[in-house]
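upload11.cif, holding mmCIF, C-alpha atoms and all ligand atoms:
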```cif
data_run
loop_
_atom_site.group_PDB
_atom_site.id
_atom_site.type_symbol
_atom_site.label_atom_id
_atom_site.label_comp_id
_atom_site.auth_asym_id
_atom_site.auth_seq_id
_atom_site.Cartn_x
_atom_site.Cartn_y
_atom_site.Cartn_z
ATOM 1 C CA MET A 1 52.423 110.431 109.442
ATOM 2 C CA ASP A 2 55.914 110.299 110.939
ATOM 3 C CA PRO A 3 57.699 113.314 109.391
ATOM 4 C CA ASN A 4 60.920 111.332 109.541
ATOM 5 C CA ASP A 5 59.790 108.082 107.892
ATOM 6 C CA ILE A 6 62.875 107.359 105.804
ATOM 7 C CA SER A 7 61.198 105.824 102.770
ATOM 8 C CA VAL A 8 58.634 108.663 102.592
ATOM 9 C CA LEU A 9 61.418 111.250 102.901
ATOM 10 C CA ASP A 10 63.454 109.541 100.219
ATOM 11 C CA GLN A 11 60.484 109.464 97.845
ATOM 12 C CA ARG A 12 59.614 113.093 98.503
ATOM 13 C CA PHE A 13 63.058 114.706 98.755
ATOM 14 C CA GLY A 14 65.634 112.196 97.471
ATOM 15 C CA ILE A 15 67.602 113.036 94.305
ATOM 16 C CA THR A 16 68.796 109.874 92.576
ATOM 17 C CA GLY A 17 72.542 109.430 92.867
ATOM 18 C CA GLU A 18 72.952 112.670 94.854
ATOM 19 C CA VAL A 19 70.768 112.919 97.939
ATOM 20 C CA VAL A 20 69.744 109.702 99.686
ATOM 21 C CA PHE A 21 67.755 109.237 102.911
ATOM 22 C CA LYS A 22 68.640 106.065 104.807
ATOM 23 C CA GLU A 23 68.999 104.453 108.192
ATOM 24 C CA GLY A 24 72.288 105.397 109.793
ATOM 25 C CA PRO A 25 74.047 104.360 113.004
ATOM 26 C CA ASN A 26 71.717 102.893 115.642
ATOM 27 C CA GLY A 27 68.789 103.050 113.189
ATOM 28 C CA GLN A 28 68.784 106.863 113.170
ATOM 29 C CA GLY A 29 67.605 108.645 110.029
ATOM 30 C CA VAL A 30 70.392 110.239 108.018
ATOM 31 C CA VAL A 31 70.688 111.954 104.669
ATOM 32 C CA GLU A 32 73.794 111.392 102.562
ATOM 33 C CA ILE A 33 74.824 113.825 99.866
ATOM 34 C CA SER A 34 77.351 113.159 97.141
ATOM 35 C CA ASN A 35 77.453 115.625 94.257
ATOM 36 C CA GLY A 36 80.098 116.832 91.810
ATOM 37 C CA PHE A 37 81.927 118.785 94.507
ATOM 38 C CA ALA A 38 81.715 117.076 97.878
ATOM 39 C CA MET A 39 80.235 114.432 100.153
ATOM 40 C CA ALA A 40 78.338 115.068 103.363
ATOM 41 C CA SER A 41 76.044 113.307 105.808
ATOM 42 C CA ILE A 42 73.473 114.752 108.177
ATOM 43 C CA ALA A 43 71.579 113.088 111.056
ATOM 44 C CA LEU A 44 67.914 114.099 111.212
ATOM 45 C CA GLN A 45 68.095 114.201 115.008
ATOM 46 C CA GLY A 46 69.614 117.595 115.672
ATOM 47 C CA ALA A 47 69.891 118.379 111.912
ATOM 48 C CA HIS A 48 73.415 117.426 112.829
ATOM 49 C CA LEU A 49 75.979 117.599 110.039
ATOM 50 C CA MET A 50 78.298 114.638 110.646
ATOM 51 C CA SER A 51 80.701 114.871 107.724
ATOM 52 C CA TRP A 52 81.732 117.113 104.866
ATOM 53 C CA ALA A 53 84.682 116.799 102.525
ATOM 54 C CA PRO A 54 85.205 118.296 99.091
ATOM 55 C CA HIS A 55 86.310 115.505 96.695
ATOM 56 C CA GLN A 56 90.093 114.913 96.736
ATOM 57 C CA GLU A 57 90.244 116.446 100.228
ATOM 58 C CA GLU A 58 90.596 114.700 103.596
ATOM 59 C CA LEU A 59 87.569 115.001 105.880
ATOM 60 C CA VAL A 60 87.128 118.581 107.050
ATOM 61 C CA ILE A 61 84.609 117.890 109.811
ATOM 62 C CA TRP A 62 85.701 115.614 112.668
ATOM 63 C CA LEU A 63 83.381 112.924 114.038
ATOM 64 C CA SER A 64 84.435 110.855 117.031
ATOM 65 C CA PRO A 65 84.667 107.108 116.297
ATOM 66 C CA LYS A 66 83.087 106.705 119.755
ATOM 67 C CA ALA A 67 80.185 109.105 119.092
ATOM 68 C CA LYS A 68 76.806 107.950 120.489
ATOM 69 C CA PHE A 69 73.721 107.943 118.310
ATOM 70 C CA GLY A 70 70.906 107.269 120.788
ATOM 71 C CA PRO A 71 67.599 109.164 120.823
ATOM 72 C CA GLY A 72 68.069 112.375 122.810
ATOM 73 C CA GLU A 73 71.869 111.976 122.917
ATOM 74 C CA SER A 74 74.231 114.529 121.463
ATOM 75 C CA ILE A 75 76.650 113.294 118.812
ATOM 76 C CA ARG A 76 80.326 113.997 119.622
ATOM 77 C CA GLY A 77 81.704 115.713 116.556
ATOM 78 C CA GLY A 78 80.183 117.167 113.422
ATOM 79 C CA VAL A 79 78.210 120.383 113.892
ATOM 80 C CA PRO A 80 75.941 120.304 116.959
ATOM 81 C CA VAL A 81 73.414 123.155 116.929
ATOM 82 C CA CYS A 82 73.495 124.920 120.308
ATOM 83 C CA TRP A 83 70.223 126.826 120.775
ATOM 84 C CA PRO A 84 68.378 128.670 122.385
ATOM 85 C CA TRP A 85 71.111 129.023 124.976
ATOM 86 C CA PHE A 86 74.846 128.395 124.821
ATOM 87 C CA GLY A 87 76.590 126.471 127.630
ATOM 88 C CA PRO A 88 74.671 126.077 130.882
ATOM 89 C CA HIS A 89 71.155 127.582 131.023
ATOM 90 C CA PRO A 90 71.502 131.037 132.620
ATOM 91 C CA GLY A 91 68.971 130.354 135.394
ATOM 92 C CA GLU A 92 68.205 126.637 135.638
ATOM 93 C CA SER A 93 71.109 124.249 136.192
ATOM 94 C CA SER A 94 69.018 121.105 135.537
ATOM 95 C CA PHE A 95 68.355 122.131 131.931
ATOM 96 C CA PRO A 96 70.652 120.549 129.326
ATOM 97 C CA ALA A 97 73.850 122.399 128.398
ATOM 98 C CA HIS A 98 73.722 124.083 124.990
ATOM 99 C CA GLY A 99 69.900 123.930 124.788
ATOM 100 C CA PHE A 100 67.758 121.270 123.181
ATOM 101 C CA ALA A 101 68.018 121.802 119.411
ATOM 102 C CA ARG A 102 70.906 119.343 119.065
ATOM 103 C CA THR A 103 68.972 116.422 120.563
ATOM 104 C CA GLN A 104 65.488 116.993 119.103
ATOM 105 C CA PRO A 105 64.187 115.629 115.809
ATOM 106 C CA TRP A 106 64.001 118.114 112.926
ATOM 107 C CA GLU A 107 61.806 117.879 109.831
ATOM 108 C CA VAL A 108 63.077 118.241 106.294
ATOM 109 C CA ILE A 109 61.570 121.282 104.562
ATOM 110 C CA GLU A 110 63.525 121.426 101.300
ATOM 111 C CA VAL A 111 66.137 119.663 99.216
ATOM 112 C CA LEU A 112 67.296 121.507 96.114
ATOM 113 C CA ALA A 113 69.694 120.811 93.269
ATOM 114 C CA LEU A 114 71.190 124.251 92.627
ATOM 115 C CA GLU A 115 72.198 125.422 89.169
ATOM 116 C CA ASP A 116 75.919 125.353 90.005
ATOM 117 C CA GLY A 117 75.681 121.634 90.924
ATOM 118 C CA SER A 118 75.628 121.982 94.716
ATOM 119 C CA ASN A 119 72.716 120.921 96.954
ATOM 120 C CA ARG A 120 70.801 122.987 99.471
ATOM 121 C CA LEU A 121 68.920 121.284 102.302
ATOM 122 C CA GLY A 122 66.553 122.929 104.772
ATOM 123 C CA PHE A 123 65.412 121.628 108.184
ATOM 124 C CA ARG A 124 62.971 122.886 110.819
ATOM 125 C CA LEU A 125 63.170 122.028 114.527
ATOM 126 C CA ILE A 126 60.239 119.957 115.813
ATOM 127 C CA ARG A 127 59.185 121.282 119.237
ATOM 128 C CA SER A 128 57.984 118.911 121.985
ATOM 129 C CA ASP A 129 55.950 119.794 125.114
ATOM 130 C CA GLU A 130 59.151 119.421 127.143
ATOM 131 C CA THR A 131 60.929 122.044 125.052
ATOM 132 C CA TYR A 132 57.985 124.438 125.508
ATOM 133 C CA ALA A 133 58.200 123.877 129.282
ATOM 134 C CA ARG A 134 61.878 124.876 129.148
ATOM 135 C CA TRP A 135 61.528 127.576 126.521
ATOM 136 C CA PRO A 136 57.976 128.987 126.479
ATOM 137 C CA HIS A 137 58.490 131.054 123.340
ATOM 138 C CA SER A 138 57.208 130.823 119.812
ATOM 139 C CA THR A 139 60.541 130.962 117.995
ATOM 140 C CA PRO A 140 60.587 128.651 114.950
ATOM 141 C CA LEU A 141 64.121 127.570 114.079
ATOM 142 C CA GLU A 142 65.403 126.574 110.649
ATOM 143 C CA LEU A 143 68.788 125.397 109.466
ATOM 144 C CA TYR A 144 69.867 125.559 105.816
ATOM 145 C CA MET A 145 72.999 123.872 104.519
ATOM 146 C CA THR A 146 74.585 124.145 101.097
ATOM 147 C CA ILE A 147 76.910 121.313 100.200
ATOM 148 C CA GLY A 148 79.381 122.210 97.461
ATOM 149 C CA THR A 149 83.024 123.270 97.191
ATOM 150 C CA ALA A 150 82.132 125.366 100.239
ATOM 151 C CA LEU A 151 80.017 124.282 103.180
ATOM 152 C CA GLU A 152 77.483 126.979 103.987
ATOM 153 C CA MET A 153 75.189 126.912 106.998
ATOM 154 C CA GLU A 154 72.489 129.373 107.986
ATOM 155 C CA LEU A 155 70.671 129.144 111.322
ATOM 156 C CA VAL A 156 67.462 131.184 111.207
ATOM 157 C CA THR A 157 65.470 132.116 114.317
ATOM 158 C CA HIS A 158 62.062 133.787 113.965
ATOM 159 C CA ASN A 159 60.330 135.480 116.857
ATOM 160 C CA ASP A 160 56.598 134.895 116.313
ATOM 161 C CA GLY A 161 55.716 135.927 119.878
ATOM 162 C CA PRO A 162 54.478 139.252 121.277
ATOM 163 C CA ALA A 163 57.645 140.134 123.269
ATOM 164 C CA PRO A 164 61.380 140.415 122.544
ATOM 165 C CA VAL A 165 63.295 137.148 123.032
ATOM 166 C CA THR A 166 67.004 136.769 123.845
ATOM 167 C CA ILE A 167 68.844 133.748 122.476
ATOM 168 C CA GLY A 168 72.339 132.303 122.777
ATOM 169 C CA GLN A 169 73.500 130.020 119.975
ATOM 170 C CA ALA A 170 76.410 128.341 118.256
ATOM 171 C CA LEU A 171 77.219 126.148 115.317
ATOM 172 C CA HIS A 172 79.594 124.078 117.451
ATOM 173 C CA THR A 173 81.751 122.867 114.563
ATOM 174 C CA TYR A 174 84.414 120.187 115.168
ATOM 175 C CA PHE A 175 87.190 120.428 112.578
ATOM 176 C CA GLU A 176 89.561 117.620 111.683
ATOM 177 C CA VAL A 177 93.245 118.512 112.153
ATOM 178 C CA ARG A 178 96.377 116.363 111.897
ATOM 179 C CA ASP A 179 97.810 117.401 115.286
ATOM 180 C CA ILE A 180 96.302 120.069 117.567
ATOM 181 C CA ARG A 181 99.804 120.869 118.892
ATOM 182 C CA ARG A 182 100.901 122.077 115.451
ATOM 183 C CA ILE A 183 97.954 124.155 114.244
ATOM 184 C CA ALA A 184 97.376 127.908 114.545
ATOM 185 C CA ILE A 185 94.121 129.847 114.362
ATOM 186 C CA HIS A 186 94.321 133.289 112.812
ATOM 187 C CA GLY A 187 91.718 136.076 112.956
ATOM 188 C CA LEU A 188 91.315 136.537 116.716
ATOM 189 C CA ASP A 189 94.376 138.724 117.420
ATOM 190 C CA GLY A 190 93.421 141.609 119.738
ATOM 191 C CA CYS A 191 89.997 140.168 120.697
ATOM 192 C CA SER A 192 89.055 139.878 124.343
ATOM 193 C CA TYR A 193 87.941 136.475 125.538
ATOM 194 C CA ILE A 194 86.405 134.660 128.489
ATOM 195 C CA ASP A 195 88.731 131.882 129.627
ATOM 196 C CA LYS A 196 86.498 129.055 130.887
ATOM 197 C CA THR A 197 89.547 127.088 132.039
ATOM 198 C CA ASP A 198 90.549 129.985 134.357
ATOM 199 C CA GLU A 199 87.355 130.784 136.289
ATOM 200 C CA GLY A 200 85.947 132.861 133.441
ATOM 201 C CA ARG A 201 88.682 135.500 133.634
ATOM 202 C CA ARG A 202 88.682 138.042 130.815
ATOM 203 C CA LYS A 203 91.880 138.152 128.771
ATOM 204 C CA GLN A 204 93.118 139.505 125.478
ATOM 205 C CA GLN A 205 94.417 137.466 122.564
ATOM 206 C CA SER A 206 97.789 138.376 121.191
ATOM 207 C CA GLY A 207 98.774 136.779 117.883
ATOM 208 C CA PRO A 208 97.370 133.480 116.565
ATOM 209 C CA VAL A 209 95.779 130.916 118.904
ATOM 210 C CA THR A 210 97.980 127.852 119.497
ATOM 211 C CA PHE A 211 97.395 124.858 121.779
ATOM 212 C CA SER A 212 99.377 123.191 124.556
ATOM 213 C CA GLY A 213 96.603 122.211 127.007
ATOM 214 C CA GLU A 214 92.855 122.379 127.638
ATOM 215 C CA THR A 215 91.434 125.431 125.861
ATOM 216 C CA ASP A 216 87.871 126.701 126.274
ATOM 217 C CA ARG A 217 87.350 130.333 125.290
ATOM 218 C CA ILE A 218 84.573 132.627 124.166
ATOM 219 C CA TYR A 219 86.052 135.378 121.989
ATOM 220 C CA LEU A 220 83.752 138.399 122.113
ATOM 221 C CA GLU A 221 83.066 140.812 119.264
ATOM 222 C CA SER A 222 85.094 138.590 116.941
ATOM 223 C CA THR A 223 83.678 139.100 113.475
ATOM 224 C CA ALA A 224 86.750 138.703 111.230
ATOM 225 C CA ASP A 225 87.273 135.476 109.257
ATOM 226 C CA CYS A 226 89.038 132.753 111.240
ATOM 227 C CA VAL A 227 91.606 130.592 109.483
ATOM 228 C CA ILE A 228 92.811 127.238 110.824
ATOM 229 C CA GLU A 229 96.328 126.698 109.517
ATOM 230 C CA ASP A 230 97.215 123.018 109.565
ATOM 231 C CA PRO A 231 100.715 122.170 108.279
ATOM 232 C CA GLY A 232 100.142 118.435 108.930
ATOM 233 C CA LEU A 233 97.236 118.299 106.465
ATOM 234 C CA ASN A 234 98.806 121.029 104.317
ATOM 235 C CA ARG A 235 95.662 123.139 104.336
ATOM 236 C CA ARG A 236 93.872 126.195 105.606
ATOM 237 C CA ILE A 237 90.225 126.104 106.591
ATOM 238 C CA ARG A 238 88.601 129.528 106.309
ATOM 239 C CA ILE A 239 85.530 130.283 108.413
ATOM 240 C CA ALA A 240 83.599 133.381 107.318
ATOM 241 C CA ASN A 241 80.644 134.479 109.431
ATOM 242 C CA ARG A 242 77.698 136.866 109.240
ATOM 243 C CA GLY A 243 75.358 137.485 112.178
ATOM 244 C CA SER A 244 77.841 135.874 114.588
ATOM 245 C CA ARG A 245 79.584 138.102 117.104
ATOM 246 C CA SER A 246 81.387 135.468 119.208
ATOM 247 C CA THR A 247 83.833 132.727 118.326
ATOM 248 C CA VAL A 248 84.234 129.784 120.680
ATOM 249 C CA VAL A 249 87.520 127.861 120.559
ATOM 250 C CA TRP A 250 87.613 124.522 122.360
ATOM 251 C CA ASN A 251 89.902 121.552 122.786
ATOM 252 C CA PRO A 252 89.404 119.370 125.878
ATOM 253 C CA TRP A 253 92.946 117.914 125.932
ATOM 254 C CA ALA A 254 93.646 114.413 127.230
ATOM 255 C CA GLU A 255 92.169 114.296 130.730
ATOM 256 C CA ARG A 256 88.870 116.011 130.006
ATOM 257 C CA ALA A 257 88.413 114.088 126.742
ATOM 258 C CA GLU A 258 88.771 110.848 128.690
ATOM 259 C CA ALA A 259 86.264 112.047 131.297
ATOM 260 C CA LEU A 260 83.728 112.901 128.581
ATOM 261 C CA GLY A 261 83.807 109.244 127.529
ATOM 262 C CA ASP A 262 82.965 109.587 123.829
ATOM 263 C CA PHE A 263 86.442 110.502 122.551
ATOM 264 C CA ASP A 264 88.720 107.738 121.278
ATOM 265 C CA GLU A 265 92.258 107.517 122.613
ATOM 266 C CA ASP A 266 94.202 110.590 121.476
ATOM 267 C CA GLY A 267 91.071 111.787 119.628
ATOM 268 C CA TYR A 268 91.592 115.249 121.108
ATOM 269 C CA LEU A 269 94.798 115.561 119.069
ATOM 270 C CA ARG A 270 92.834 115.375 115.823
ATOM 271 C CA MET A 271 90.098 117.954 116.452
ATOM 272 C CA VAL A 272 89.490 121.580 117.251
ATOM 273 C CA CYS A 273 86.178 123.371 117.700
ATOM 274 C CA VAL A 274 85.941 126.832 116.172
ATOM 275 C CA GLU A 275 82.342 127.822 116.712
ATOM 276 C CA SER A 276 80.338 130.580 115.062
ATOM 277 C CA ALA A 277 78.317 131.828 117.986
ATOM 278 C CA ASN A 278 76.425 134.512 119.858
ATOM 279 C CA ALA A 279 77.255 133.793 123.482
ATOM 280 C CA ALA A 280 77.909 135.485 126.860
ATOM 281 C CA ASP A 281 77.899 139.292 126.284
ATOM 282 C CA ASP A 282 76.976 138.700 122.636
ATOM 283 C CA VAL A 283 73.572 137.013 123.055
ATOM 284 C CA VAL A 284 71.002 138.326 120.570
ATOM 285 C CA THR A 285 67.630 139.925 121.257
ATOM 286 C CA ILE A 286 65.026 139.472 118.522
ATOM 287 C CA ALA A 287 62.103 141.882 118.380
ATOM 288 C CA PRO A 288 58.530 140.546 117.972
ATOM 289 C CA GLY A 289 58.043 139.614 114.317
ATOM 290 C CA GLY A 290 61.810 139.753 113.773
ATOM 291 C CA THR A 291 64.273 137.186 112.414
ATOM 292 C CA HIS A 292 67.926 136.555 113.183
ATOM 293 C CA ARG A 293 70.285 134.787 110.771
ATOM 294 C CA LEU A 294 73.624 133.286 111.744
ATOM 295 C CA ARG A 295 75.550 132.414 108.587
ATOM 296 C CA VAL A 296 78.859 130.667 108.132
ATOM 297 C CA ARG A 297 80.832 129.645 105.052
ATOM 298 C CA HIS A 298 83.689 127.134 105.271
ATOM 299 C CA THR A 299 86.256 126.740 102.512
ATOM 300 C CA VAL A 300 89.506 124.808 102.239
ATOM 301 C CA GLU A 301 92.689 125.808 100.430
ATOM 302 C CA PRO A 302 96.166 124.266 100.248
ATOM 303 C CA LEU A 303 98.921 125.834 102.377
ATOM 304 C CA ARG A 304 101.536 125.630 99.647
HETATM 305 O O1 LIG B 401 81.907 125.024 123.212
HETATM 306 C C1 LIG B 401 82.777 124.637 124.207
HETATM 307 C C2 LIG B 401 81.976 123.916 125.278
HETATM 308 O O2 LIG B 401 80.965 124.737 125.769
HETATM 309 C C3 LIG B 401 82.942 123.431 126.369
HETATM 310 O O3 LIG B 401 82.768 124.123 127.569
HETATM 311 C C4 LIG B 401 82.733 121.947 126.427
HETATM 312 O O4 LIG B 401 82.118 121.475 127.544
HETATM 313 C C5 LIG B 401 82.066 121.648 125.107
HETATM 314 O O5 LIG B 401 81.351 122.762 124.720
HETATM 315 C C6 LIG B 401 81.318 120.357 124.911
HETATM 316 O O6 LIG B 401 80.070 120.366 125.505
HETATM 317 P P1 LIG B 401 79.172 119.048 125.446
HETATM 318 O O7 LIG B 401 77.908 119.455 126.166
HETATM 319 O O8 LIG B 401 78.949 118.741 123.991
HETATM 320 O O9 LIG B 401 79.943 117.967 126.154
#
```
Give the structure from the file, written as structure tokens.
Amino acid sequence: MDPNDISVLDQRFGITGEVVFKEGPNGQGVVEISNGFAMASIALQGAHLMSWAPHQEELVIWLSPKAKFGPGESIRGGVPVCWPWFGPHPGESSFPAHGFARTQPWEVIEVLALEDGSNRLGFRLIRSDETYARWPHSTPLELYMTIGTALEMELVTHNDGPAPVTIGQALHTYFEVRDIRRIAIHGLDGCSYIDKTDEGRRKQQSGPVTFSGETDRIYLESTADCVIEDPGLNRRIRIANRGSRSTVVWNPWAERAEALGDFDEDGYLRMVCVESANAADDVVTIAPGGTHRLRVRHTVEPLR
């Protein structure tokens, strides 16, 4: 049986009026959630969260109007899952950037109505022969999301093999902002970072992060909460992590966004990626029989 047959999934996991499985863009399977607190949608390919907004709040997660939804294609926006490596593969340049989890199908393993009225959904990555050729390790991967007044995500990697395994990973979250030129990101002051727009030079952050051009940085040992302050949308988005040692901050700016081809005109002005990650020096080694959990909680509060 196809684990992602929409009508079977809806019968088995759907919750009337709250959690609905349906065909989304380009015939791809999606699950839509609408409960007392928030709405969200998730593509089954990639277990890719595409939207989340608490009721009475503008969208918090940005999705490009020009995003592609083909099989094996990564969706521009939402929360791509980068795993089991972040960025280019360390040894093999022909392997896809950011690993394969974001473009593989995942199976649904649980859908729960929690006592407080929120919903928890669980997904497990489906491995293909090709992914075993590129990553010959027995490392089951699960992603749990709780949709409520907060958006909680937990990426769980098990090492079922006989040897230690080292992974890189990120929840590559795209946040909606009114104007990138007017936002500030707090929580990274004093952290050292790798500047990917300047030949990987190592630098130190001083004060909040602001934007006036292409920005692509891996902040190392950055475990404090990050806060996106957005005067245009009159809100703060708080990002609280556990099990994440790096924070990636990315905005492609105009030229690179155009080259990528799946941004709409001026789309770069309305997004910023603040990614909960373990990347570069902060990759994680999991002992045989061990488990690693990367957890993030997003909340929104008014500025004034
Ligand atoms: O997380 C930042 C980054 O690694 C950038 O270097 C940039 O290329 C971006 O991700 C998008 O990557 P993608 O493979 O989704 O085009």
Subject >> the PyMOL selection byres (((chain A and resi 102-106) around 8) and not hetatm) applied to the shown file, residues as a list in words >> reply: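 This file, filtered by the PyMOL selection byres (((chain A and resi 102-106) around 8) and not hetatm), leaves Leu44, Gln45, Gly46, Ala47, His48, Pro71, Gly72, Glu73, Ser74, Pro80, Val81, Cys82, Trp83, Gly99, Phe100, Ala101, Glu107, Val108, Phe123, Arg124, Leu125, Ile126 and Arg127 of chain A.
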**OP:** Please write as a ChimeraX atom specification the full residue list that the PyMOL selection byres (((chain A and resi 278) around 9) and not hetatm) yields on this file.
**Re:** /A:86,167-170,220,243-247,276-277,279-284,294
Subject >> For range 172-188 of chain A: contacts at 8 Å, all atoms listed in the file, fewer than 4 positions along chain excluded, given as JSON, numbers by chain >> reply: {"A": [59, 60, 61, 62, 63, 77, 78, 79, 80, 81, 82, 205, 207, 208, 209, 210, 211, 212, 219, 222, 224, 225, 226, 227, 228, 229, 230, 231, 232, 233, 268, 269, 270, 271, 272, 273, 274, 275, 276, 277]}
If you take all atoms listed in the file and a cut-off of 6 Å, which residues of chain A touch ligand LIG 401 (chain B), and what are their nearest atom pairs and distances in Å to one decimal, in chain and number order, as CSV?
```
residue,atom,partner,partner_atom,distance
A:Gly87,CA,B:LIG401,O2,5.1
A:Ala97,CA,B:LIG401,O7,5.5
A:Asp216,CA,B:LIG401,O3,5.9
A:Val248,CA,B:LIG401,O1,5.9
A:Trp250,CA,B:LIG401,C1,5.2
```
**OP:** Kindly give the distance, in Å, that separates CA of Ala40 in chain A and CA of Tyr144 in chain A, rounded to a single decimal.
**Re:**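 Separation between CA of Ala40 in chain A and CA of Tyr144 in chain A: 13.7 Å.
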